[in-house]
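Participant: So here's model31.txt (compact mmCIF, C-alpha atoms).
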# COMPACT_ATOMS: atom_id res chain seq x y z
CA MET X 1 139.00 186.98 153.51
CA ASN X 2 136.27 187.49 156.10
CA SER X 3 132.94 188.80 154.97
CA GLY X 4 132.22 192.51 154.85
CA ILE X 5 129.12 194.63 154.94
CA ILE X 6 128.81 195.38 151.21
CA PHE X 7 128.31 192.18 149.20
CA ASN X 8 130.28 190.35 151.90
CA ASN X 9 133.43 192.04 150.62
CA ARG X 10 135.74 194.04 152.87
CA ILE X 11 137.49 195.69 149.94
CA LEU X 12 134.17 197.14 148.81
CA ASP X 13 133.57 198.37 152.36
CA VAL X 14 136.86 200.28 152.37
CA VAL X 15 136.27 201.63 148.87
CA PHE X 16 132.81 202.85 149.88
CA ILE X 17 134.22 204.55 152.99
CA SER X 18 136.80 206.36 150.86
CA TRP X 19 134.12 207.48 148.39
CA ALA X 20 131.81 208.60 151.22
CA LEU X 21 134.57 210.63 152.88
CA ALA X 22 135.39 212.41 149.62
CA GLN X 23 131.75 213.19 148.86
CA GLY X 24 131.02 214.06 152.49
CA TYR X 25 133.84 216.61 152.41
CA LYS X 26 132.13 218.26 149.44
CA ILE X 27 128.87 218.53 151.40
CA LEU X 28 130.67 220.00 154.43
CA THR X 29 132.50 222.48 152.22
CA GLU X 30 129.20 223.59 150.70
CA ILE X 31 127.72 224.08 154.17
CA VAL X 32 130.70 226.12 155.39
CA MET X 33 131.21 228.19 152.23
CA TYR X 34 127.63 228.73 151.05
CA LYS X 35 125.66 228.16 154.29
CA LYS X 36 123.35 225.69 152.56
CA ILE X 37 122.78 221.98 152.74
CA SER X 38 122.34 220.14 149.49
CA LEU X 39 122.41 216.38 149.86
CA SER X 40 122.31 216.08 146.06
CA THR X 41 125.97 217.09 146.22
CA ILE X 42 126.73 213.51 147.25
CA TRP X 43 125.97 212.39 143.68
CA THR X 44 127.69 215.20 141.79
CA THR X 45 130.93 214.91 139.88
CA GLY X 46 133.87 217.26 140.08
CA GLY X 47 135.14 219.28 142.98
CA MET X 48 137.58 218.76 145.80
CA PRO X 49 138.66 216.05 146.43
CA SER X 50 138.16 213.69 143.52
CA SER X 51 135.99 210.84 144.76
CA HIS X 52 136.86 208.94 141.59
CA SER X 53 140.52 209.08 142.57
CA SER X 54 139.89 208.22 146.21
CA THR X 55 137.74 205.27 145.19
CA VAL X 56 140.15 203.70 142.71
CA THR X 57 143.24 204.25 144.86
CA ALA X 58 141.45 202.75 147.88
CA LEU X 59 140.63 199.79 145.64
CA SER X 60 144.19 199.41 144.36
CA THR X 61 145.76 199.84 147.76
CA SER X 62 143.33 197.40 149.41
CA ILE X 63 144.09 194.80 146.75
CA GLY X 64 147.81 195.38 147.27
CA LEU X 65 147.50 195.02 151.03
CA ILE X 66 145.58 191.75 150.74
CA HIS X 67 147.15 190.09 147.68
CA GLY X 68 150.55 191.78 147.56
CA PHE X 69 151.84 194.74 145.59
CA SER X 70 153.74 192.62 143.08
CA GLY X 71 150.81 190.50 141.93
CA THR X 72 148.63 190.60 138.85
CA ASN X 73 145.54 191.79 140.74
CA PHE X 74 147.35 194.88 141.99
CA ALA X 75 148.79 195.58 138.53
CA ILE X 76 145.32 195.45 136.96
CA ALA X 77 143.90 197.71 139.68
CA MET X 78 146.74 200.24 139.23
CA ILE X 79 146.23 200.45 135.46
CA PHE X 80 142.50 200.90 136.05
CA SER X 81 143.21 203.62 138.62
CA GLY X 82 145.56 205.44 136.29
CA ILE X 83 142.99 205.48 133.50
CA VAL X 84 140.23 206.76 135.81
CA MET X 85 142.42 209.51 137.25
CA TYR X 86 143.70 210.55 133.82
CA ASP X 87 140.11 210.70 132.59
CA ALA X 88 139.02 212.76 135.64
CA ALA X 89 141.76 215.37 135.19
CA GLY X 90 141.92 215.29 131.42
CA ILE X 91 138.97 214.27 129.32
CA ARG X 92 136.14 215.03 131.79
CA ARG X 93 137.75 218.33 132.76
CA ALA X 94 138.03 219.33 129.10
CA ALA X 95 134.38 218.36 128.54
CA GLY X 96 133.40 220.59 131.46
CA LYS X 97 135.32 223.52 129.98
CA GLN X 98 133.61 222.96 126.63
CA ALA X 99 130.20 222.88 128.36
CA GLY X 100 131.02 226.26 129.93
CA ILE X 101 131.87 227.75 126.56
CA ILE X 102 128.70 226.35 124.98
CA ASN X 103 126.61 227.73 127.89
CA ARG X 104 128.11 231.21 127.41
CA ILE X 105 127.56 231.11 123.64
CA LEU X 106 123.93 230.02 124.04
CA ASP X 107 123.38 232.77 126.64
CA LYS X 108 124.38 235.36 124.02
CA ILE X 109 122.20 234.03 121.21
CA PRO X 110 118.73 235.59 121.21
CA HIS X 111 116.05 233.02 121.72
CA ASN X 112 114.28 232.41 118.44
CA ILE X 113 112.33 229.74 116.66
CA TYR X 114 115.48 227.92 115.54
CA LEU X 115 116.59 227.32 119.13
CA THR X 116 113.22 226.24 120.51
CA GLY X 117 113.70 223.05 122.46
CA VAL X 118 117.50 223.13 122.10
CA ARG X 119 118.19 224.59 125.51
CA GLU X 120 116.06 223.19 128.30
CA GLU X 121 118.78 223.62 130.92
CA LYS X 122 122.43 224.62 131.16
CA LEU X 123 125.06 222.00 130.45
CA LYS X 124 126.88 220.72 133.54
CA GLU X 125 130.28 222.37 133.69
CA LEU X 126 131.79 220.75 136.78
CA LEU X 127 132.55 217.34 135.32
CA GLY X 128 136.23 216.77 135.95
CA HIS X 129 138.96 217.74 138.33
CA THR X 130 142.10 219.79 138.50
CA PRO X 131 145.25 217.71 138.85
CA PHE X 132 145.47 218.87 142.49
CA GLU X 133 141.94 217.57 143.23
CA VAL X 134 142.92 214.22 141.67
CA VAL X 135 146.11 213.99 143.75
CA VAL X 136 144.29 214.85 146.99
CA GLY X 137 141.62 212.24 146.18
CA ALA X 138 144.31 209.66 145.45
CA ILE X 139 146.07 210.38 148.74
CA LEU X 140 142.75 210.06 150.57
CA GLY X 141 142.14 206.63 149.03
CA VAL X 142 145.59 205.33 149.98
CA VAL X 143 145.28 206.69 153.53
CA VAL X 144 141.83 205.17 154.02
CA ALA X 145 143.02 201.76 152.80
CA PHE X 146 146.00 201.82 155.17
CA LEU X 147 143.82 202.99 158.06
CA PHE X 148 141.59 199.95 157.47
CA LYS X 149 144.48 197.53 156.88
CA GLY X 150 143.60 195.59 160.04
CA TYR X 151 140.01 195.27 158.86
CA LEU X 152 141.08 194.07 155.41
CA ILE X 153 143.57 191.42 156.44
Would you encode the structure as structure tokens?

Facilitator:
Amino acid sequence: MNSGIIFNNRILDVVFISWALAQGYKILTEIVMYKKISLSTIWTTGGMPSSHSSTVTALSTSIGLIHGFSGTNFAIAMIFSGIVMYDAAGIRRAAGKQAGIINRILDKIPHNIYLTGVREEKLKELLGHTPFEVVVGAILGVVVAFLFKGYLI
């Protein structure tokens, strides 16, 4: 495989492009919907589309395109992708819902000496993704890998 830009690895280049497109879409959405620019959005989790999903499916698809879809490398990447996407839509989403409930409970408790230092800031609620956000992210990753097939091979 010819060298790429990131660590001389073309697969990492394609994976980074897929991640950047997913996160860039979140920034553009924020600009259009809320009329504000927040570059910190590029590092946030949650939202549409899932950059976790786009990243791991770009990785899996790139590996499949280079090494074949019936090989061990692709199988390992697919299992990894499945775990990441399940975690994004399941466990991390549930943790975000729990953070929301905790935030609302703490908002209702009067501040007193027993809570001093407990609540410096609200818990982050947007941690995971809806299944739709995961699917859209996954589709993005596959599409990006196929668009860069000529670059990969």

Participant: Counting all atoms listed in the file, which residue out of X:Thr44, X:Ile66, X:Ala99, X:Phe7 sits closest to Ala22 (chain X)?

Facilitator: X:Thr44

Participant: Give me, please, the distance in Å between CA of Tyr86 (chain X) and CA of His67 (chain X), quoted to one decimal.

Facilitator: 25.0 Å

Participant: As a list in words, please: the residues near Thr130 (chain X) (cut-off 6 Å, only C-alpha atoms, same-chain neighbours under 2 positions excluded).

Facilitator: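 Selected residues are Ala89, Phe132 and Glu133 of chain X.
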
Participant: Using all atoms listed in the file, can you list as a list in words the residues within 10 Å of (130.8, 210.7, 147.4)?

Facilitator: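 Protein and nucleic acid residues near the point are Phe16, Ile17, Ser18, Trp19, Ala20, Leu21, Ala22, Gln23, Gly24, Tyr25, Lys26, Ile27, Thr41, Ile42, Trp43, Thr44, Thr45, Pro49, Ser50, Ser51, His52, Ser54 and Thr55 of chain X.
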
Participant: Nearest residue to Gly82 (chain X) out of X:Ala138, X:Leu65, X:Lys108, X:Leu28, using all atoms listed in the file?

Facilitator: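 Between X:Ala138, X:Leu65, X:Lys108, X:Leu28, the residue approaching Gly82 (chain X) most closely is X:Ala138.
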
Participant: Kindly list the centre and edge lengths in Å, rounded to one decimal, for the axis-aligned box that covers all listed atoms of region 143-151 of chain X plus 5 Å on each of its six sides, as AutoDock Vina command-line options.

Facilitator:
--center_x 143.0 --center_y 201.0 --center_z 156.4 --size_x 16.0 --size_y 21.4 --size_z 17.2

Participant: Hey, which of X:Met48, X:Gly100, X:Thr72, X:Ser38 ends up closest to Ala88 (chain X)? Count all atoms listed in the file.

Facilitator: X:Met48

Participant: Kindly indicate which residue among X:Val143, X:Leu59, X:Ile105, X:Ala95 lies nearest to Met78 (chain X), using only C-alpha atoms for the distances.

Facilitator: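 So, comparing all the options, the nearest one is X:Leu59.
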
Participant: At what distance in Å, to one decimal, does CA of Leu12 (chain X) lie from CA of Leu152 (chain X)?

Facilitator: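 Calculated distance between CA of Leu152 (chain X) and CA of Leu12 (chain X) is 10.0 Å.
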
Participant: Would you please work out which residue, of X:Ile101, X:Val15, X:Ser62, X:Lys35, is nearest to Gly150 (chain X) when using all atoms listed in the file?

Facilitator: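 Between X:Ile101, X:Val15, X:Ser62, X:Lys35, the residue approaching Gly150 (chain X) most closely is X:Ser62.
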
Participant: Can you tell me which residues surround Phe80 (chain X) at a distance of at most 10 Å, considering all atoms listed in the file, apart from same-chain residues fewer than 4 positions away, and format the answer as a PyMOL selection string?

Facilitator: chain X and resi 56-57+59-60+74-76+84-86

Participant: Selected residues, C-alpha atoms, written as a PDB file, in the frame of the given file, please.

Facilitator:
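Result written to out-v2.pdb:
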ATOM      1  CA  VAL X  56     140.150 203.700 142.710  1.00  0.00           C
ATOM      2  CA  THR X  57     143.240 204.250 144.860  1.00  0.00           C
ATOM      3  CA  LEU X  59     140.630 199.790 145.640  1.00  0.00           C
ATOM      4  CA  SER X  60     144.190 199.410 144.360  1.00  0.00           C
ATOM      5  CA  PHE X  74     147.350 194.880 141.990  1.00  0.00           C
ATOM      6  CA  ALA X  75     148.790 195.580 138.530  1.00  0.00           C
ATOM      7  CA  ILE X  76     145.320 195.450 136.960  1.00  0.00           C
ATOM      8  CA  VAL X  84     140.230 206.760 135.810  1.00  0.00           C
ATOM      9  CA  MET X  85     142.420 209.510 137.250  1.00  0.00           C
ATOM     10  CA  TYR X  86     143.700 210.550 133.820  1.00  0.00           C
TER      11      TYR X  86
END

Participant: What is the distance between CA of Asp87 (chain X) and CA of Phe146 (chain X), in Å to one decimal?

Facilitator: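 One can read the CA of Asp87 (chain X) to CA of Phe146 (chain X) distance as 25.0 Å.
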